[in-house]
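S.K.: Here it is, the structure in full.
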Amino acid sequence: METLRTAERLHPRVSLWCLDEHRLGLKPIRRTVWAPTGQPFTCPVKPAYEWLYLYAFVNPETGHSRFWLVPVLNKDAYSAVMTAFAQSVGAGTDHHVLVVQDGAGFHVPAGQGHPPGIQTLTLPPYSPQLQPAERLWALTDATVANRAFDSLDDFTGVLAARCAWLETQPNLLT
């Protein structure tokens, strides 16, 4: 058993995750849909401008994912989400996690830096095609597209249920 612990210290586990953020809210997302021939398609519209932000982490190799819904997009929210993510994947001295992210201005760790075991790699500007997490947005938007919500709480409930389901579908995300 002691040999195993020594080996873990000498050769820590390393995993790669990708991070991206997505702004969603009461402003409707419109998508093309099929309608019967000769029948116009009507879609409810209730324009409102309340937002929330979806942080998504995905491991492109395994398809495992983590999602956080937060009310703001700033350095404090980034630090809180990064800390929660590190805890959820067990990052630390025996598990190093490399997080690939874009160069958003708020991707700055708090004064104490990133949580132990977390290291970030910033992609070049204007390169969303290099970010595997960008592909998650079509999947997260699927249940809220072409729908009107009465409140941000209603919207959040539907989106949270979709994200929870996506976390159980690694084969879909790879």
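Quick note on naming: the chains in the structure tokens go A, B, ... in the order shown, residues restart at 1 in each chain, and ligands are numbered from 1 in order of appearance.
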Would you list the contacts of range 149-154 of chain A as a PyMOL selection string, taking every protein, DNA or RNA residue within 8 Å and counting only C-alpha atoms, but skipping same-chain residues closer than 6 positions in sequence?
M.R.: chain A and resi 25-26+46+50-51
S.K.: Apply DSSP to the structure's backbone, then extract all residues of range 1-104 of chain A labelled strand (DSSP E) and return them as a ChimeraX atom specification.
M.R.: /A:13-25,51-58,65-70,95-101
S.K.: So that I have them on file, write out the residues from the current selection with N, CA and C atoms, as a CSV table (one decimal), in the first residue's frame.
M.R.:
chain,number,residue,atom,x,y,z
A,13,ARG,N,-1.8,11.8,-11.5
A,13,ARG,CA,-2.7,11.7,-12.6
A,13,ARG,C,-2.9,13.0,-13.2
A,14,VAL,N,-3.1,13.1,-14.5
A,14,VAL,CA,-3.3,14.4,-15.2
A,14,VAL,C,-4.5,14.2,-16.1
A,15,SER,N,-5.4,15.2,-16.1
A,15,SER,CA,-6.6,15.2,-17.0
A,15,SER,C,-6.7,16.5,-17.6
A,16,LEU,N,-7.3,16.5,-18.8
A,16,LEU,CA,-7.5,17.7,-19.6
A,16,LEU,C,-9.0,18.0,-19.6
A,17,TRP,N,-9.4,19.3,-19.3
A,17,TRP,CA,-10.8,19.7,-19.4
A,17,TRP,C,-10.8,21.1,-20.2
A,18,CYS,N,-11.9,21.4,-20.8
A,18,CYS,CA,-12.1,22.6,-21.5
A,18,CYS,C,-13.2,23.4,-20.9
A,19,LEU,N,-13.1,24.7,-20.8
A,19,LEU,CA,-14.0,25.6,-20.1
A,19,LEU,C,-14.5,26.6,-21.1
A,20,ASP,N,-15.8,26.9,-21.0
A,20,ASP,CA,-16.4,28.0,-21.8
A,20,ASP,C,-17.6,28.5,-21.1
A,21,GLU,N,-18.0,29.7,-21.4
A,21,GLU,CA,-19.2,30.3,-20.8
A,21,GLU,C,-20.2,30.7,-21.9
A,22,HIS,N,-21.5,30.7,-21.5
A,22,HIS,CA,-22.6,31.0,-22.4
A,22,HIS,C,-23.6,31.8,-21.7
A,23,ARG,N,-24.0,32.9,-22.4
A,23,ARG,CA,-25.0,33.8,-21.8
A,23,ARG,C,-26.4,33.3,-22.3
A,24,LEU,N,-27.3,33.1,-21.4
A,24,LEU,CA,-28.7,32.7,-21.7
A,24,LEU,C,-29.6,33.5,-20.9
A,25,GLY,N,-30.9,33.5,-21.3
A,25,GLY,CA,-31.9,34.2,-20.5
A,25,GLY,C,-33.2,34.3,-21.2
A,51,TRP,N,-30.7,37.8,-17.7
A,51,TRP,CA,-29.7,36.9,-18.1
A,51,TRP,C,-29.2,36.0,-16.9
A,52,LEU,N,-28.6,34.9,-17.3
A,52,LEU,CA,-27.8,34.1,-16.4
A,52,LEU,C,-26.7,33.5,-17.3
A,53,TYR,N,-25.7,33.0,-16.7
A,53,TYR,CA,-24.5,32.5,-17.4
A,53,TYR,C,-24.2,31.1,-17.0
A,54,LEU,N,-23.9,30.3,-18.1
A,54,LEU,CA,-23.7,28.9,-17.9
A,54,LEU,C,-22.2,28.6,-18.1
A,55,TYR,N,-21.5,28.1,-17.1
A,55,TYR,CA,-20.1,27.7,-17.2
A,55,TYR,C,-20.2,26.2,-17.4
A,56,ALA,N,-19.4,25.8,-18.5
A,56,ALA,CA,-19.4,24.4,-18.8
A,56,ALA,C,-18.0,23.9,-18.9
A,57,PHE,N,-17.7,22.8,-18.3
A,57,PHE,CA,-16.4,22.1,-18.4
A,57,PHE,C,-16.7,20.8,-19.0
A,58,VAL,N,-15.8,20.4,-20.0
A,58,VAL,CA,-16.0,19.1,-20.6
A,58,VAL,C,-14.6,18.5,-20.8
A,65,SER,N,-18.6,15.9,-18.0
A,65,SER,CA,-18.9,17.3,-18.0
A,65,SER,C,-19.3,17.8,-16.6
A,66,ARG,N,-19.2,19.1,-16.4
A,66,ARG,CA,-19.7,19.7,-15.2
A,66,ARG,C,-20.3,21.1,-15.7
A,67,PHE,N,-21.4,21.5,-15.1
A,67,PHE,CA,-22.1,22.7,-15.5
A,67,PHE,C,-22.4,23.5,-14.2
A,68,TRP,N,-22.3,24.8,-14.3
A,68,TRP,CA,-22.7,25.7,-13.2
A,68,TRP,C,-23.5,26.9,-13.8
A,69,LEU,N,-24.6,27.2,-13.2
A,69,LEU,CA,-25.4,28.4,-13.6
A,69,LEU,C,-25.1,29.4,-12.6
A,70,VAL,N,-24.7,30.6,-13.1
A,70,VAL,CA,-24.4,31.7,-12.2
A,70,VAL,C,-25.0,33.0,-12.7
A,95,HIS,N,-3.7,14.8,-8.5
A,95,HIS,CA,-4.5,14.9,-9.7
A,95,HIS,C,-4.4,16.3,-10.2
A,96,HIS,N,-3.6,16.4,-11.3
A,96,HIS,CA,-3.4,17.7,-11.9
A,96,HIS,C,-4.4,17.8,-13.1
A,97,VAL,N,-5.0,19.0,-13.1
A,97,VAL,CA,-6.0,19.3,-14.2
A,97,VAL,C,-5.6,20.5,-15.0
A,98,LEU,N,-5.5,20.2,-16.3
A,98,LEU,CA,-5.2,21.3,-17.2
A,98,LEU,C,-6.5,21.8,-17.8
A,99,VAL,N,-6.8,23.1,-17.6
A,99,VAL,CA,-8.1,23.6,-18.1
A,99,VAL,C,-7.8,24.5,-19.3
A,100,VAL,N,-8.3,24.2,-20.5
A,100,VAL,CA,-8.2,25.0,-21.7
A,100,VAL,C,-9.3,26.0,-21.7
A,101,GLN,N,-9.0,27.3,-21.9
A,101,GLN,CA,-10.0,28.3,-21.8
A,101,GLN,C,-9.7,29.4,-22.8
S.K.: One decimal, in Å: what's the spacing between CA of Asn59 in chain A and CA of Ala142 in chain A?
M.R.: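 About the pair CA of Asn59 in chain A and CA of Ala142 in chain A: they are 20.8 Å apart.
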S.K.: So how many Å separate CA of Pro170 in chain A and CA of Lys75 in chain A, to one decimal?
M.R.: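 Taking CA of Pro170 in chain A and CA of Lys75 in chain A, their separation equals 28.9 Å.
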S.K.: Which residues, written as a VMD selection string, have at least one atom at most 8 Å from Pro28 in chain A, with only C-alpha atoms counted and residues fewer than 2 positions away on the same chain left out?
M.R.: chain A and resid 25 to 26 30 45 to 47 145 to 148
S.K.: In chain A, what's helix (DSSP H, G or I) per DSSP? Answer as a ChimeraX atom specification?
M.R.: /A:2-10,75-89,128-130,132-141,152-166,170-173
S.K.: In Å, rounded to a single decimal, give me how far CA of Asp94 in chain A is from CA of Pro116 in chain A.
M.R.: 10.0 Å
